[in-house]
Amino acid sequence: MIKGKENSLNKQTLTPDVIVKCEYSGNRANAWDTDGVKRTSEITVGCRQKAADGNYLLGRFINKAGKTYWKKVDAGEVGFGTSNTVDHSEVNVPTDHAEILNFIHSSYSLKPKGLMMTELKWKYLIRSAVRGKNIMMTGPAGCGKTMAAKSVVNSLDRPDFYFNLGATQDPRATLIGNTHFDTKKGTFFSKSLFVEAIQTPGSVVLLDELSRAHPDAWNILMTVLDYGQRYLRLDEADGSETIKVADGVTFVATANIGNEYTSTRVMDKALMDRFTIVEMDVLTEDDENSLLTYMFPNVDSSVLGNVAKIASLTRSESNSETARITSGISTRTTVELCGLLYDGFNLQEASEVSIYPQYDNTGGVDSERTFVKQIVQKFCDDGSSDDLFNEDEMAEAEGDSAS
Ligand SMILES: Nc1ncnc2c1ncn2[C@@H]1O[C@H](COP(=O)(O)OP(=O)(O)OP(=O)(O)O)[C@@H](O)[C@H]1O
Ligand SMILES: [Mg+2]
């Protein structure tokens, strides 16, 4: 018993193969290894922030399951002195045209492996960022908009700032600042982090969930995003103080407006016009399968294949003329579901907790939930209970996904 345990420890590493130092750039803690390679996307936000705040190094280790993880290491122990760290504060975007071309067209290597996105879309995204365009990532829920936006921000060695506008209750406080009162100083104004962000030359400012922001936020951003104006007014009153957007500041926003144009909260047309739109593609069955296989190498590949099939069937159904469901299963959901498979739940159980609650239960046998259940069911019992799902319907749905 104990021997077996020791054997299974063999793959585990006890010394780190990569060491990083975490430092703030804007409000984000970036991680740099000893060779000056940026490792930010490999480490969780919390872990990086704690390391930057606590001023300690992180090392990469491999656990029993063969997965990598990061934890605190002692500087003396690993010989990573403060003297050999590189200064990354300078803005390093090429200015020569030939260099820019080269940077854009070789940038696919900067895309994290775990992000599925076509080379063309990725290069378009990088190009827009390098050219200082306001970028808006669009697409349905859970298709990788935030992930892609964060990845592009990560790939550019520029100071960056993150704002989740969907979670903001008070747009004025977040984007402009607060007025305070102090018995000694009287009334005074404290500027927001957003003001600091737009005053930082060359910064990349991520405006996540802009489509869910309060309309006040859209109004405030209108002049900031306009290429002809580029200023923020601190007060609504005409003639009040304005703040100029510094040179080279790039805005990257995300909006949940894929095929949900019918939603009541459609973004203001004038605001949309200020952006270059980069539409995130919903993954094809093959791409979904590759992503899941990459993320979950220890889960049975045929089950992963079925998950990709289920997702793709629901997506093509939701796009068909005679759709019986309003949306397809997102990549966020397939990733969550496979996490459950990895933790020993079967496909039936995992679907029950992660997929079904997303579909409306009203209408009994005609409900969206029943429809999705039937699709899942088909893959849970290897097709042995054909009566659960009409063969013609299945063929029709599969035909749809192939077209
Ligand atoms: N194209 C993709 N490549 C890799 N992983 C993806 C992709 N799309 C979604 N995922 C997975 O789904 C999760 C959610 O993605 P993300 O937060 O980027 O979605 P989103 O489009 O911003 O969704 P929302 O509209 O709800 O904000 C990611 O953490 C990732 O695990
Ligand atoms: Mg998002």
# chains A, B, ... in the order shown; residues from 1 in each chain; ligands from 1

call {"tool": "closest_atom_pairs", "arguments": {"of": "chain A", "to": "ligand 2", "cutoff": "9 Å", "atoms": "only C-alpha atoms and all ligand atoms", "output": "tab-separated table"}}
result
residue	atom	partner	partner_atom_place_in_ligand_line	distance
A:Ala141	CA	ligand 2	1 (Mg)	7.2
A:Gly142	CA	ligand 2	1 (Mg)	6.8
A:Cys143	CA	ligand 2	1 (Mg)	8.3
A:Gly144	CA	ligand 2	1 (Mg)	7.0
A:Lys145	CA	ligand 2	1 (Mg)	5.5
A:Thr146	CA	ligand 2	1 (Mg)	4.2
A:Met147	CA	ligand 2	1 (Mg)	7.3
A:Ala149	CA	ligand 2	1 (Mg)	8.9
A:Asp208	CA	ligand 2	1 (Mg)	6.4
A:Glu209	CA	ligand 2	1 (Mg)	6.0
A:Thr254	CA	ligand 2	1 (Mg)	6.6
A:Ala255	CA	ligand 2	1 (Mg)	7.6
A:Asn256	CA	ligand 2	1 (Mg)	7.5

call {"tool": "residues_near_ligand", "arguments": {"ligand": "ligand 1", "cutoff": "10 Å", "atoms": "only C-alpha atoms and all ligand atoms", "output": "ChimeraX atom specification"}}
result
/A:112-118,137-151,164,166,208-212,254-258,280-283,287-288,290-292,294-295,330-336

call {"tool": "select_by_dssp", "arguments": {"residues": "region 140-384 of chain A", "states": "strand (DSSP E)", "output": "number ranges by chain"}}
result
A: 160-164, 177-182, 186-191, 204-208, 231-233, 242-244, 250-255, 276-279

call {"tool": "closest_residue", "arguments": {"among": "A:Arg172, A:His214, A:Arg233, A:Lys133", "to": "Val252 (chain A)", "atoms": "only C-alpha atoms"}}
result
A:Lys133

call {"tool": "residues_around", "arguments": {"residues": "region 339-355 of chain A", "least_positions_apart": "6", "cutoff": "12 Å", "atoms": "only C-alpha atoms", "output": "PyMOL selection string"}}
result
chain A and resi 65+292-293+295-307+310-311+314+327-333+368-382

call {"tool": "residues_around", "arguments": {"residues": "region 29-34 of chain A", "least_positions_apart": "4", "cutoff": "8 Å", "atoms": "only C-alpha atoms", "output": "PDB file with C-alpha atoms, in the first residue's frame"}}
result
ATOM      1  CA  VAL A  18      10.608  27.461 -13.472  1.00  0.00           C
ATOM      2  CA  ILE A  19      10.924  30.320 -10.990  1.00  0.00           C
ATOM      3  CA  VAL A  20       9.050  33.584 -11.336  1.00  0.00           C
ATOM      4  CA  LYS A  21       8.997  36.974  -9.684  1.00  0.00           C
ATOM      5  CA  CYS A  22       5.685  38.833  -9.575  1.00  0.00           C
ATOM      6  CA  GLU A  23       5.500  42.605 -10.010  1.00  0.00           C
ATOM      7  CA  TYR A  24       2.662  45.048 -10.495  1.00  0.00           C
ATOM      8  CA  SER A  25       2.129  46.719 -13.833  1.00  0.00           C
ATOM      9  CA  LYS A  38       6.209  36.356 -19.134  1.00  0.00           C
ATOM     10  CA  ARG A  39       4.329  33.584 -17.287  1.00  0.00           C
ATOM     11  CA  THR A  40       1.318  35.596 -16.149  1.00  0.00           C
ATOM     12  CA  ILE A  43      -0.661  31.447 -12.782  1.00  0.00           C
ATOM     13  CA  VAL A  45      -4.514  36.106 -10.259  1.00  0.00           C
ATOM     14  CA  ARG A  48       0.393  36.314  -8.393  1.00  0.00           C
ATOM     15  CA  GLN A  49      -1.008  39.119  -6.279  1.00  0.00           C
ATOM     16  CA  ALA A  52       3.789  40.470  -5.442  1.00  0.00           C
ATOM     17  CA  PHE A  80      17.122  34.023  -7.912  1.00  0.00           C
ATOM     18  CA  ASN A  84      19.302  39.641 -12.125  1.00  0.00           C
ATOM     19  CA  THR A  85      15.726  40.713 -12.679  1.00  0.00           C
TER      20      THR A  85
END

call {"tool": "closest_residue", "arguments": {"among": "A:Val73, A:Ala217, A:Leu207, A:Ile198", "to": "Gln169 (chain A)", "atoms": "only C-alpha atoms"}}
result
A:Ala217

call {"tool": "atom_distance", "arguments": {"atom1": "CA of Leu232 (chain A)", "atom2": "CA of Phe189 (chain A)"}}
result
15.0 Å

call {"tool": "residues_around", "arguments": {"residues": "Gln199 (chain A)", "least_positions_apart": "4", "cutoff": "8 Å", "atoms": "only C-alpha atoms", "output": "count of residues only"}}
result
5

call {"tool": "atom_distance", "arguments": {"atom1": "CA of Ala129 (chain A)", "atom2": "CA of Glu279 (chain A)"}}
result
14.8 Å

call {"tool": "residues_around", "arguments": {"residues": "Asn63 (chain A)", "least_positions_apart": "3", "cutoff": "7 Å", "atoms": "only C-alpha atoms", "output": "PyMOL selection string"}}
result
chain A and resi 12-13+66-68

call {"tool": "write_last_selection", "arguments": {"atoms": "N, CA, C and O atoms", "output": "CSV table (one decimal), in the first residue's frame"}}
result
chain,number,residue,atom,x,y,z
A,12,GLN,N,6.0,13.2,-9.6
A,12,GLN,CA,6.0,14.5,-8.9
A,12,GLN,C,7.4,15.1,-8.8
A,12,GLN,O,8.4,14.4,-8.7
A,13,THR,N,7.5,16.4,-9.0
A,13,THR,CA,8.8,17.1,-8.9
A,13,THR,C,8.8,17.8,-7.5
A,13,THR,O,7.8,18.4,-7.1
A,66,GLY,N,0.5,14.6,-12.5
A,66,GLY,CA,1.2,15.1,-13.7
A,66,GLY,C,0.8,16.5,-14.1
A,66,GLY,O,1.3,17.0,-15.1
A,67,LYS,N,0.0,17.2,-13.2
A,67,LYS,CA,-0.4,18.6,-13.5
A,67,LYS,C,0.6,19.5,-12.8
A,67,LYS,O,1.2,19.2,-11.8
A,68,THR,N,0.8,20.7,-13.5
A,68,THR,CA,1.7,21.7,-12.9
A,68,THR,C,1.0,22.6,-11.9
A,68,THR,O,-0.2,22.8,-12.0

call {"tool": "select_by_dssp", "arguments": {"residues": "region 156-403 of chain A", "states": "alpha helix (DSSP H)", "output": "PyMOL selection string"}}
result
chain A and resi 171-175+193-198+215-225+269-272+285-295+301-319+331-342+347-354+368-380+391-402

call {"tool": "closest_residue", "arguments": {"among": "A:Val224, A:Val249, A:Leu175, A:Ala98", "to": "Asp160 (chain A)", "atoms": "only C-alpha atoms"}}
result
A:Val249

call {"tool": "atom_distance", "arguments": {"atom1": "CA of Val153 (chain A)", "atom2": "CA of Lys191 (chain A)"}}
result
23.9 Å

call {"tool": "closest_residue", "arguments": {"among": "A:Ile325, A:Val205, A:Leu120, A:Leu57", "to": "Asn361 (chain A)", "atoms": "only C-alpha atoms"}}
result
A:Ile325
